[in-house]
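Peer 1: Quick one, protein-v5.txt (compact mmCIF, C-alpha atoms):
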```txt
# COMPACT_ATOMS: atom_id res chain seq x y z
CA MET A 1 -27.91 29.08 73.58
CA THR A 2 -30.67 30.05 71.14
CA THR A 3 -34.37 29.09 70.94
CA SER A 4 -36.29 28.12 67.81
CA ALA A 5 -39.84 29.06 66.92
CA ALA A 6 -40.93 25.65 68.17
CA THR A 7 -39.41 26.58 71.58
CA THR A 8 -36.99 23.66 71.54
CA PRO A 9 -33.72 24.96 72.97
CA HIS A 10 -30.75 24.76 70.57
CA VAL A 11 -27.35 24.03 72.09
CA THR A 12 -24.03 24.30 70.29
CA TRP A 13 -20.98 22.12 70.88
CA ASN A 14 -19.01 25.03 72.38
CA GLU A 15 -21.82 25.80 74.82
CA ALA A 16 -22.16 22.19 75.94
CA ASN A 17 -18.43 21.61 76.16
CA ALA A 18 -17.79 24.80 78.12
CA ARG A 19 -20.45 23.85 80.67
CA ARG A 20 -19.04 20.34 81.07
CA LEU A 21 -15.56 21.73 81.69
CA ILE A 22 -16.83 24.22 84.28
CA ARG A 23 -18.83 21.62 86.17
CA GLN A 24 -15.89 19.24 86.36
CA GLY A 25 -13.24 21.65 87.58
CA LEU A 26 -11.49 21.70 84.21
CA ALA A 27 -12.17 25.34 83.34
CA ARG A 28 -10.50 26.21 86.64
CA PRO A 29 -9.76 24.05 89.69
CA ALA A 30 -12.69 23.79 92.09
CA GLN A 31 -12.75 24.38 95.84
CA SER A 32 -14.09 20.90 96.50
CA SER A 33 -13.08 17.71 98.25
CA PRO A 34 -12.01 14.58 96.35
CA ALA A 35 -15.37 12.98 97.14
CA GLU A 36 -17.32 16.02 95.93
CA MET A 37 -15.34 16.03 92.70
CA ALA A 38 -16.02 12.32 92.25
CA VAL A 39 -19.72 13.21 92.44
CA ALA A 40 -19.30 15.83 89.72
CA MET A 41 -17.31 13.48 87.45
CA LEU A 42 -19.57 10.47 88.11
CA GLY A 43 -16.58 8.59 89.44
CA ALA A 44 -12.90 8.44 88.58
CA HIS A 45 -11.81 5.45 86.50
CA ALA A 46 -9.24 3.60 88.63
CA GLN A 47 -7.99 0.76 86.45
CA VAL A 48 -4.72 2.66 86.86
CA LEU A 49 -5.05 3.99 90.41
CA SER A 50 -2.38 6.67 89.96
CA ALA A 51 -4.37 8.00 86.98
CA ALA A 52 -7.51 8.24 89.13
CA GLU A 53 -5.56 10.14 91.77
CA LEU A 54 -4.31 12.52 89.10
CA SER A 55 -7.78 12.92 87.55
CA LEU A 56 -9.22 14.07 90.85
CA ALA A 57 -6.32 16.17 92.12
CA LEU A 58 -5.92 18.12 88.85
CA ARG A 59 -9.48 19.38 89.29
CA LEU A 60 -9.05 20.50 92.90
CA GLU A 61 -7.66 23.79 94.13
CA ASN A 62 -7.02 22.43 97.62
CA ALA A 63 -5.36 19.11 96.74
CA PRO A 64 -1.65 19.92 96.60
CA THR A 65 -0.64 16.28 95.99
CA ARG A 66 -2.19 12.86 95.36
CA GLN A 67 -2.01 12.29 99.11
CA ALA A 68 -5.30 14.19 99.47
CA VAL A 69 -7.01 11.57 97.33
CA ARG A 70 -5.33 8.70 99.17
CA GLU A 71 -6.49 10.07 102.52
CA ALA A 72 -10.05 10.37 101.21
CA LEU A 73 -9.89 6.75 100.06
CA TRP A 74 -8.08 4.95 102.89
CA THR A 75 -8.27 7.26 105.93
CA ASP A 76 -11.44 9.34 105.75
CA ARG A 77 -13.22 6.68 103.68
CA THR A 78 -15.20 9.32 101.77
CA LEU A 79 -14.16 7.53 98.56
CA VAL A 80 -14.58 3.83 97.79
CA LYS A 81 -12.61 1.80 95.27
CA THR A 82 -15.04 -0.60 93.62
CA PHE A 83 -16.45 -1.80 90.31
CA GLY A 84 -18.43 1.01 88.71
CA PRO A 85 -19.75 1.82 85.22
CA ARG A 86 -18.93 -0.79 82.55
CA GLY A 87 -17.83 -3.18 85.29
CA THR A 88 -14.52 -1.32 85.51
CA VAL A 89 -12.71 -0.21 88.66
CA HIS A 90 -13.67 3.29 89.83
CA LEU A 91 -13.28 5.60 92.80
CA LEU A 92 -16.84 6.48 93.83
CA PRO A 93 -18.15 8.69 96.64
CA ALA A 94 -18.91 6.54 99.67
CA ALA A 95 -22.07 8.50 100.40
CA ASP A 96 -23.41 7.67 96.93
CA LEU A 97 -22.71 3.94 97.06
CA PRO A 98 -26.40 3.04 97.68
CA LEU A 99 -27.28 5.02 94.53
CA TRP A 100 -24.55 3.44 92.42
CA THR A 101 -25.21 -0.12 93.54
CA GLY A 102 -28.95 0.35 93.08
CA ALA A 103 -28.54 1.68 89.56
CA LEU A 104 -25.79 -0.67 88.37
CA SER A 105 -27.52 -3.78 89.69
CA ALA A 106 -30.69 -2.76 87.81
CA ILE A 107 -29.07 -2.65 84.36
CA PRO A 108 -30.07 -5.64 82.18
CA ALA A 109 -27.21 -8.03 81.58
CA GLY A 110 -25.97 -8.45 78.01
CA PRO A 111 -24.80 -11.68 76.38
CA HIS A 112 -22.60 -13.71 78.72
CA PRO A 113 -18.97 -13.63 77.50
CA MET A 114 -18.07 -17.01 78.98
CA PRO A 115 -18.67 -20.26 77.06
CA ALA A 116 -21.49 -22.48 78.29
CA GLY A 117 -19.24 -24.97 80.06
CA ARG A 118 -17.53 -22.28 82.13
CA ARG A 119 -20.19 -19.69 82.84
CA MET A 120 -22.13 -19.58 86.07
CA THR A 121 -25.89 -19.97 86.19
CA GLY A 122 -28.15 -17.41 87.81
CA GLU A 123 -28.55 -19.67 90.83
CA GLN A 124 -24.78 -20.11 91.15
CA THR A 125 -24.30 -16.36 90.87
CA ASP A 126 -26.76 -15.76 93.72
CA GLN A 127 -24.97 -18.38 95.84
CA VAL A 128 -21.56 -16.81 95.25
CA VAL A 129 -22.80 -13.27 95.92
CA ALA A 130 -24.36 -14.43 99.20
CA ALA A 131 -21.13 -16.22 100.14
CA ILE A 132 -19.08 -13.09 99.40
CA GLY A 133 -21.40 -11.01 101.55
CA GLU A 134 -20.98 -13.43 104.48
CA ALA A 135 -17.21 -13.80 104.05
CA LEU A 136 -16.45 -10.07 103.80
CA ASP A 137 -18.75 -8.90 106.58
CA GLY A 138 -16.53 -6.83 108.87
CA THR A 139 -13.21 -8.00 107.44
CA ALA A 140 -10.82 -7.75 104.48
CA LEU A 141 -9.56 -10.79 102.59
CA THR A 142 -7.11 -11.42 99.78
CA VAL A 143 -8.34 -13.12 96.61
CA ASP A 144 -7.00 -16.49 97.74
CA GLU A 145 -8.57 -16.16 101.18
CA LEU A 146 -11.88 -15.11 99.65
CA THR A 147 -11.75 -18.02 97.22
CA ASP A 148 -11.38 -20.45 100.12
CA GLU A 149 -14.33 -18.89 101.93
CA ILE A 150 -16.55 -19.01 98.83
CA VAL A 151 -15.68 -22.63 98.06
CA ALA A 152 -16.39 -23.61 101.66
CA ARG A 153 -19.84 -22.02 101.43
CA THR A 154 -20.84 -23.09 97.92
CA GLY A 155 -18.80 -25.99 96.58
CA SER A 156 -15.62 -26.82 94.71
CA TRP A 157 -17.16 -25.73 91.38
CA ALA A 158 -16.79 -22.06 92.44
CA GLY A 159 -13.02 -22.49 92.70
CA ASP A 160 -12.48 -24.32 89.41
CA ARG A 161 -9.77 -22.44 87.51
CA VAL A 162 -11.59 -21.96 84.20
CA MET A 163 -11.11 -18.25 83.45
CA GLU A 164 -8.28 -17.18 81.14
CA ALA A 165 -6.42 -14.33 82.80
CA PHE A 166 -2.99 -12.87 82.04
CA GLN A 167 -1.29 -16.19 81.16
CA ASP A 168 -2.95 -17.76 84.17
CA LYS A 169 -6.37 -19.08 85.11
CA TRP A 170 -8.72 -17.59 87.68
CA PRO A 171 -11.35 -19.44 89.72
CA ARG A 172 -14.85 -19.58 88.26
CA TRP A 173 -16.42 -17.28 90.86
CA ARG A 174 -14.38 -14.28 89.70
CA GLN A 175 -16.58 -13.88 86.63
CA VAL A 176 -19.22 -12.35 88.93
CA MET A 177 -16.90 -10.17 91.01
CA HIS A 178 -18.32 -6.97 89.48
CA THR A 179 -21.86 -8.31 90.04
CA ALA A 180 -21.07 -8.73 93.74
CA ALA A 181 -19.83 -5.14 93.87
CA HIS A 182 -22.94 -3.88 92.08
CA ARG A 183 -25.12 -5.70 94.60
CA GLY A 184 -23.31 -3.95 97.43
CA VAL A 185 -21.37 -6.80 99.06
CA LEU A 186 -17.83 -6.25 97.73
CA ALA A 187 -15.37 -3.36 97.43
CA PHE A 188 -11.60 -3.04 97.48
CA GLY A 189 -9.85 -2.83 100.82
CA PRO A 190 -6.35 -1.51 101.57
CA ASN A 191 -3.52 -3.52 100.05
CA ARG A 192 -1.86 -6.02 102.35
CA GLY A 193 1.71 -5.57 101.24
CA ARG A 194 1.59 -6.28 97.51
CA LYS A 195 -1.67 -8.19 97.75
CA VAL A 196 -5.05 -6.69 96.91
CA THR A 197 -7.80 -7.17 99.48
CA PHE A 198 -11.57 -6.99 99.31
CA THR A 199 -14.02 -5.97 101.98
CA GLY A 200 -17.74 -5.55 102.53
CA PRO A 201 -18.81 -1.91 101.98
CA GLY A 202 -21.84 -2.33 104.25
CA VAL A 203 -24.41 -0.69 101.98
CA THR A 204 -27.95 -1.51 100.93
CA PRO A 205 -28.62 -0.74 97.25
CA MET A 206 -31.26 1.88 96.53
CA ALA A 207 -34.39 0.76 94.68
CA GLY A 208 -33.47 0.33 91.02
CA PRO A 209 -35.98 2.68 89.35
CA VAL A 210 -35.24 5.49 91.81
CA ALA A 211 -31.49 5.03 91.48
CA LEU A 212 -31.59 4.92 87.66
CA ALA A 213 -33.65 8.10 87.44
CA GLU A 214 -31.17 9.93 89.65
CA LEU A 215 -28.18 8.55 87.74
CA VAL A 216 -29.65 9.78 84.44
CA ARG A 217 -30.17 13.22 85.99
CA ARG A 218 -26.59 13.35 87.23
CA TYR A 219 -25.22 12.07 83.92
CA LEU A 220 -27.10 14.75 81.99
CA PHE A 221 -26.03 17.41 84.49
CA ALA A 222 -22.37 16.42 84.02
CA TYR A 223 -22.29 15.45 80.33
CA GLY A 224 -25.50 16.72 78.77
CA PRO A 225 -26.91 17.35 76.35
CA ALA A 226 -26.78 13.65 75.53
CA GLY A 227 -28.97 10.91 74.14
CA PRO A 228 -29.85 7.49 75.47
CA GLN A 229 -27.30 5.93 73.11
CA HIS A 230 -24.57 7.95 74.84
CA PHE A 231 -25.81 6.93 78.29
CA ALA A 232 -25.88 3.30 77.16
CA LYS A 233 -22.33 3.51 75.79
CA TRP A 234 -21.06 5.06 79.01
CA LEU A 235 -22.60 2.25 81.07
CA ALA A 236 -22.06 -0.57 78.53
CA ALA A 237 -25.83 -1.12 78.70
CA PRO A 238 -28.38 -2.11 76.01
CA LYS A 239 -29.34 0.83 73.78
CA GLY A 240 -32.99 -0.18 73.58
CA TRP A 241 -33.26 -0.33 77.36
CA ALA A 242 -31.67 3.13 77.67
CA GLY A 243 -34.09 4.50 75.06
CA ASP A 244 -37.06 3.24 77.06
CA LEU A 245 -35.58 4.67 80.27
CA PHE A 246 -35.15 8.12 78.72
CA ALA A 247 -38.62 8.01 77.18
CA GLY A 248 -40.18 7.24 80.54
CA LEU A 249 -38.27 10.01 82.31
CA ALA A 250 -39.23 12.47 79.55
CA ASP A 251 -42.92 11.53 79.95
CA GLU A 252 -42.58 12.22 83.68
CA GLY A 253 -41.05 15.64 82.98
CA ARG A 254 -37.75 14.76 84.65
CA ILE A 255 -35.65 15.32 81.54
CA GLU A 256 -36.30 17.60 78.57
CA GLU A 257 -35.37 17.55 74.92
CA VAL A 258 -33.02 20.01 73.23
CA ALA A 259 -31.52 20.26 69.77
CA PHE A 260 -27.79 19.63 70.10
CA GLU A 261 -25.84 20.36 66.94
CA GLY A 262 -28.91 19.39 64.91
CA GLU A 263 -29.58 16.14 66.78
CA ARG A 264 -32.13 15.23 69.44
CA ALA A 265 -30.63 15.18 72.91
CA TRP A 266 -31.71 15.63 76.50
CA VAL A 267 -30.83 17.64 79.59
CA ALA A 268 -32.10 17.43 83.16
CA ALA A 269 -35.43 19.24 83.47
CA GLY A 270 -34.86 23.00 83.72
CA ASP A 271 -31.10 22.74 83.22
CA THR A 272 -30.97 24.77 80.00
CA GLU A 273 -28.52 27.55 80.87
CA PHE A 274 -25.18 27.39 79.06
CA PRO A 275 -22.15 29.72 79.11
CA ALA A 276 -21.68 32.02 76.14
CA THR A 277 -17.87 32.02 76.32
CA PRO A 278 -16.20 29.15 74.44
CA PRO A 279 -13.72 26.90 76.27
CA ARG A 280 -10.18 28.18 76.72
CA GLY A 281 -6.97 26.94 78.27
CA VAL A 282 -4.72 23.89 78.17
CA ARG A 283 -5.22 20.83 80.36
CA LEU A 284 -3.41 17.52 80.76
CA LEU A 285 -5.74 14.58 81.42
CA PRO A 286 -4.43 11.13 82.43
CA TYR A 287 -5.39 7.65 81.29
CA PHE A 288 -9.13 6.88 81.34
CA ASP A 289 -10.17 10.35 82.47
CA ALA A 290 -13.93 10.52 82.98
CA PHE A 291 -14.29 13.63 80.81
CA VAL A 292 -12.91 12.04 77.64
CA ILE A 293 -14.75 8.75 78.18
CA ALA A 294 -18.20 10.23 78.83
CA SER A 295 -18.25 13.36 76.63
CA GLN A 296 -20.15 12.93 73.37
CA PRO A 297 -20.19 13.23 70.41
CA ARG A 298 -16.68 11.82 70.46
CA GLU A 299 -15.76 13.08 66.99
CA ARG A 300 -16.22 16.66 68.24
CA LEU A 301 -14.02 16.10 71.29
CA PHE A 302 -11.38 14.37 69.13
CA PRO A 303 -11.47 16.51 65.97
CA GLY A 304 -9.60 15.72 62.77
CA ALA A 305 -6.32 13.87 63.23
CA ALA A 306 -6.91 13.56 66.98
CA TYR A 307 -9.57 10.93 66.33
CA GLY A 308 -7.02 8.56 64.84
CA ARG A 309 -4.04 9.45 67.04
CA ALA A 310 -5.57 9.85 70.52
CA LEU A 311 -8.14 7.04 70.40
CA SER A 312 -7.51 3.31 70.27
CA GLY A 313 -9.90 1.74 67.79
CA GLY A 314 -12.39 4.48 68.62
CA GLN A 315 -12.05 3.82 72.37
CA ALA A 316 -11.26 6.80 74.60
CA GLY A 317 -8.98 6.76 77.62
CA ASN A 318 -6.19 4.52 76.39
CA TYR A 319 -3.96 7.55 75.81
CA PRO A 320 -3.49 10.49 78.20
CA VAL A 321 -4.59 13.57 76.26
CA VAL A 322 -3.96 17.30 76.07
CA LEU A 323 -7.02 19.55 75.87
CA ALA A 324 -6.70 22.95 74.23
CA GLY A 325 -9.82 25.05 73.92
CA GLY A 326 -11.79 22.11 75.29
CA VAL A 327 -10.86 19.58 72.59
CA VAL A 328 -8.06 17.05 72.23
CA ALA A 329 -4.96 18.68 70.77
CA GLY A 330 -2.27 16.19 71.75
CA VAL A 331 -1.26 13.06 73.62
CA TRP A 332 1.26 12.83 76.43
CA HIS A 333 3.15 10.41 78.60
CA GLN A 334 5.02 10.68 81.87
CA ARG A 335 8.04 8.66 82.90
CA ARG A 336 9.40 8.73 86.43
CA SER A 337 12.95 8.31 87.68
CA GLY A 338 13.17 9.05 91.38
CA ARG A 339 11.61 12.47 91.89
CA ARG A 340 12.21 13.44 88.28
CA ILE A 341 9.13 13.13 86.07
CA THR A 342 9.61 13.59 82.33
CA VAL A 343 6.38 14.76 80.70
CA THR A 344 6.48 14.26 76.92
CA VAL A 345 3.76 15.99 74.90
CA GLU A 346 3.04 15.22 71.26
CA PRO A 347 0.90 18.01 69.74
CA ILE A 348 -1.80 17.20 67.21
CA GLY A 349 -2.42 20.17 64.92
CA ALA A 350 -1.39 23.73 65.70
CA ALA A 351 -3.39 24.51 68.87
CA LEU A 352 -0.31 24.15 71.09
CA ASP A 353 2.05 26.20 68.89
CA SER A 354 1.53 29.64 70.42
CA ALA A 355 3.70 31.01 73.22
CA GLU A 356 0.60 31.33 75.42
CA ALA A 357 -0.34 27.67 74.88
CA ARG A 358 3.22 26.51 75.56
CA GLY A 359 3.26 28.53 78.78
CA GLU A 360 0.02 26.92 79.93
CA LEU A 361 1.35 23.51 78.93
CA ALA A 362 4.46 24.03 81.05
CA ALA A 363 2.29 25.09 84.00
CA GLN A 364 0.17 21.96 83.62
CA ALA A 365 3.25 19.75 83.52
CA GLU A 366 4.53 21.44 86.66
CA ARG A 367 1.17 20.78 88.36
CA VAL A 368 1.32 17.10 87.37
CA GLY A 369 4.76 16.89 88.97
CA GLU A 370 3.50 18.48 92.20
CA ILE A 371 0.53 16.11 92.44
CA LEU A 372 2.76 13.09 91.85
CA GLU A 373 5.18 14.41 94.49
CA GLY A 374 8.05 14.94 92.08
CA LYS A 375 9.52 17.57 89.76
CA ALA A 376 8.32 17.60 86.15
CA GLU A 377 10.41 18.34 83.08
CA LEU A 378 8.44 19.11 79.92
CA THR A 379 9.52 17.81 76.51
CA VAL A 380 7.62 18.39 73.29
CA GLY A 381 8.09 15.53 70.84
CA LYS A 382 6.86 12.16 69.69
CA VAL A 383 5.14 9.91 72.23
CA THR A 384 6.39 6.42 71.44
CA VAL A 385 4.45 4.54 74.11
CA GLY A 386 1.47 2.61 72.74
CA PRO A 387 -2.07 2.66 74.12
CA HIS A 388 -2.86 1.18 77.51
CA ALA A 389 -4.64 -2.16 77.36
```
The structure given in the file should be rewritten as structure tokens.
Peer 2:
Amino acid sequence: MTTSAATTPHVTWNEANARRLIRQGLARPAQSSPAEMAVAMLGAHAQVLSAAELSLALRLENAPTRQAVREALWTDRTLVKTFGPRGTVHLLPAADLPLWTGALSAIPAGPHPMPAGRRMTGEQTDQVVAAIGEALDGTALTVDELTDEIVARTGSWAGDRVMEAFQDKWPRWRQVMHTAAHRGVLAFGPNRGRKVTFTGPGVTPMAGPVALAELVRRYLFAYGPAGPQHFAKWLAAPKGWAGDLFAGLADEGRIEEVAFEGERAWVAAGDTEFPATPPRGVRLLPYFDAFVIASQPRERLFPGAAYGRALSGGQAGNYPVVLAGGVVAGVWHQRRSGRRITVTVEPIGAALDSAEARGELAAQAERVGEILEGKAELTVGKVTVGPHA
């Protein structure tokens, strides 16, 4: 990192990217627990739960298989499966749930996606959230059981099947499921056979302004330098609101400005040390990995042809990716048959052509097989599977 005459720190892409990789256990696996790594990552995206297990375990030196993550989630309860950033399913640290619920419930809501005749009013939302809190207090219920409890407490309107969902229709109340999670009254419980359950996490959300300030600090520590537009994109929040939030924290001296590849960006106050050594090594990252979703600017992480091949309409996470030297250099897919796991890697560019890179790639594939409790076989060729929805 260099400093200009105006004393504004200048940060290069390699410096920022190398620090992000180190802090997330991607430069080398960390001696941390699954919950501690979830803190560092700001949660593991769990729309595909097996991908979240892989995201966490790949970063941990002492997680020989995905069972370590499962034990943290369902036995030790140091992780919680709930609705996190962008209203999507995440594994979050249980100890940080007051912070997350306080921050997420304080984000201004955008335009309602439901048409007027189907959407719930603010009053109806409050009624449903209160009903969920009562119904899930000290128990776990399936969706159908929870629907019955909500309807009994609010009225038949909450159960009207008005939401289009996977060639079916869901009851009206489900449009505020993520809101209930963000307010601290709903989280996922253990599956009951093939059925998903929900339970009350038993947390009180932290005060919104305090929680948001801490979330910005943690975001910048993990993914900085970054601007408010990046923070807003990561949260699916209004850009103007994020700009005001950053401006206020800057005025308070809690974040500070740097020049990042010629653009204004911010880091947590005093957090201006960056490694001089550029990123090295090959890593396999699964669907929706936190690093590829949150790291910005995206065109630097997905350089050249990778931007078109490894993104889906500009959206990150829909393809598992290969990192080489800290940037996307391929896509991959794994297919399981019994204990055999075929890992197919499609290189993008020449970064994976050397014997050293191929050796590291084989080691990564072997590690994926271990975590998934199978034996991996590496194939280099075309990935024919399309992006995940």
Peer 1: Give me the stretch 203-275 of chain A side of the contact with stretch 85-103 of chain A, cut-off 10 Å, one line per residue showing its nearest atom pair and distance in Å at one decimal, counting all atoms listed in the file, sorted by chain and residue number, as a tab-separated table.
Peer 2:
```
residue	atom	partner	partner_atom	distance
A:Val203	CA	A:Pro98	CA	6.0
A:Thr204	CA	A:Pro98	CA	5.8
A:Pro205	CA	A:Gly102	CA	4.3
A:Met206	CA	A:Gly102	CA	4.4
A:Ala207	CA	A:Gly102	CA	5.7
A:Gly208	CA	A:Gly102	CA	5.0
A:Pro209	CA	A:Ala103	CA	7.5
A:Val210	CA	A:Ala103	CA	8.0
A:Ala211	CA	A:Ala103	CA	4.9
A:Leu212	CA	A:Ala103	CA	4.8
A:Ala213	CA	A:Ala103	CA	8.5
A:Glu214	CA	A:Leu99	CA	7.9
A:Leu215	CA	A:Ala103	CA	7.1
A:Val216	CA	A:Ala103	CA	9.6
A:Ala232	CA	A:Arg86	CA	9.7
A:Lys233	CA	A:Arg86	CA	8.7
A:Trp234	CA	A:Pro85	CA	7.1
A:Leu235	CA	A:Arg86	CA	5.0
A:Ala236	CA	A:Arg86	CA	5.1
A:Ala237	CA	A:Arg86	CA	7.9
```
Peer 1: What does the distance from atom CA of A:Leu323 to atom CA of A:Arg218 come to in Å, to one decimal?
Peer 2: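 So the answer is 23.5 Å.
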Peer 1: For A:Thr78, which residue out of A:Leu26, A:Gly133, A:Pro201, A:Leu60 is the nearest one, using only C-alpha atoms?
Peer 2: A:Pro201
Peer 1: Residues proximal to (-22.0, -10.2, 82.1) were defined as those with any atom within 9 Å of that point in the file's coordinates, counting all atoms listed in the file. Which are they, as a list in words?
Peer 2: Gly87, Ala109, Gly110, Pro111, His112, Pro113, Met114, Gln175, Val176, His178 and Thr179 of chain A
Peer 1: If you keep C-alpha atoms, can you produce a file of those selected residues as a compact mmCIF listing (two decimals), keeping the file's coordinate frame?
Peer 2:
```
# COMPACT_ATOMS: atom_id res chain seq x y z
CA GLY A 87 -17.83 -3.18 85.29
CA ALA A 109 -27.21 -8.03 81.58
CA GLY A 110 -25.97 -8.45 78.01
CA PRO A 111 -24.80 -11.68 76.38
CA HIS A 112 -22.60 -13.71 78.72
CA PRO A 113 -18.97 -13.63 77.50
CA MET A 114 -18.07 -17.01 78.98
CA GLN A 175 -16.58 -13.88 86.63
CA VAL A 176 -19.22 -12.35 88.93
CA HIS A 178 -18.32 -6.97 89.48
CA THR A 179 -21.86 -8.31 90.04
```
Peer 1: Considering all atoms listed in the file, tabulate each residue of stretch 29-141 of chain A that lies at most 12 Å from stretch 365-369 of chain A along with its nearest interatomic pair and the corresponding distance in Å to one decimal; arrange the rows by chain and ascending residue number and present them as a tab-separated table.
Peer 2:
```
residue	atom	partner	partner_atom	distance
A:Pro29	CA	A:Arg367	CA	11.5
A:Ser50	CA	A:Val368	CA	11.4
A:Ala51	CA	A:Val368	CA	10.7
A:Glu53	CA	A:Val368	CA	10.7
A:Leu54	CA	A:Val368	CA	7.5
A:Ser55	CA	A:Val368	CA	10.0
A:Leu56	CA	A:Val368	CA	11.5
A:Ala57	CA	A:Val368	CA	9.0
A:Leu58	CA	A:Val368	CA	7.5
A:Arg59	CA	A:Arg367	CA	10.8
A:Leu60	CA	A:Arg367	CA	11.2
A:Glu61	CA	A:Arg367	CA	11.0
A:Ala63	CA	A:Arg367	CA	10.8
A:Pro64	CA	A:Arg367	CA	8.8
A:Thr65	CA	A:Gly369	CA	8.9
A:Arg66	CA	A:Val368	CA	9.7
```
Peer 1: Smallest atom-to-atom distance to A:Thr139: which of A:Gln167, A:Gly313, A:Arg183, A:Thr199, using only C-alpha atoms?
Peer 2: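 Selected residue with least distance to A:Thr139: A:Thr199.
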Peer 1: For the atom pair atom CA of A:Asp76 and atom CA of A:Ala35, what is the interatomic distance in Å to one decimal place?
Peer 2: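 Atom-to-atom, atom CA of A:Asp76 and atom CA of A:Ala35 are spaced 10.1 Å apart.
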Peer 1: Pick from A:Leu186, A:Val327, A:Ala316, A:Ala357: nearest to A:His388, with all atoms listed in the file counted?
Peer 2: A:Ala316
Peer 1: Quick one: of A:Phe83, A:Trp241, A:Phe288, A:Phe221, who's nearest to A:Glu256, counting only C-alpha atoms?
Peer 2: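 The answer is A:Phe221, which sits nearest to A:Glu256.
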Peer 1: What are the centre and the three edge lengths of an axis-aligned box that wraps all atoms of stretch 328-337 of chain A in the file, given that 3 Å is added to every side, written as AutoDock Vina command-line options and rounded to one decimal in Å?
Peer 2:
```
--center_x 2.4 --center_y 13.5 --center_z 79.2 --size_x 27.0 --size_y 16.4 --size_z 22.9
```
Peer 1: For stretch 65-76 of chain A, supply N, CA and C atoms and report the output as a compact mmCIF listing (two decimals), in the coordinates of the input.
Peer 2:
```
# COMPACT_ATOMS: atom_id res chain seq x y z
N THR A 65 -1.26 17.51 96.52
CA THR A 65 -0.64 16.28 95.99
C THR A 65 -1.70 15.18 95.95
N ARG A 66 -1.29 14.02 95.42
CA ARG A 66 -2.19 12.86 95.36
C ARG A 66 -2.52 12.33 96.74
N GLN A 67 -1.77 12.76 97.76
CA GLN A 67 -2.01 12.29 99.11
C GLN A 67 -3.42 12.67 99.58
N ALA A 68 -3.95 13.78 99.09
CA ALA A 68 -5.30 14.19 99.47
C ALA A 68 -6.32 13.16 99.02
N VAL A 69 -6.11 12.59 97.83
CA VAL A 69 -7.01 11.57 97.33
C VAL A 69 -6.84 10.28 98.11
N ARG A 70 -5.60 9.92 98.41
CA ARG A 70 -5.33 8.70 99.17
C ARG A 70 -5.95 8.76 100.57
N GLU A 71 -5.89 9.92 101.19
CA GLU A 71 -6.49 10.07 102.52
C GLU A 71 -8.00 9.95 102.45
N ALA A 72 -8.61 10.50 101.38
CA ALA A 72 -10.05 10.37 101.21
C ALA A 72 -10.45 8.92 101.02
N LEU A 73 -9.58 8.15 100.37
CA LEU A 73 -9.89 6.75 100.06
C LEU A 73 -9.64 5.83 101.25
N TRP A 74 -8.48 5.96 101.90
CA TRP A 74 -8.08 4.95 102.89
C TRP A 74 -8.18 5.43 104.33
N THR A 75 -8.21 6.75 104.56
CA THR A 75 -8.27 7.26 105.93
C THR A 75 -9.67 7.78 106.26
N ASP A 76 -10.12 8.77 105.50
CA ASP A 76 -11.44 9.34 105.75
C ASP A 76 -12.57 8.45 105.25
```
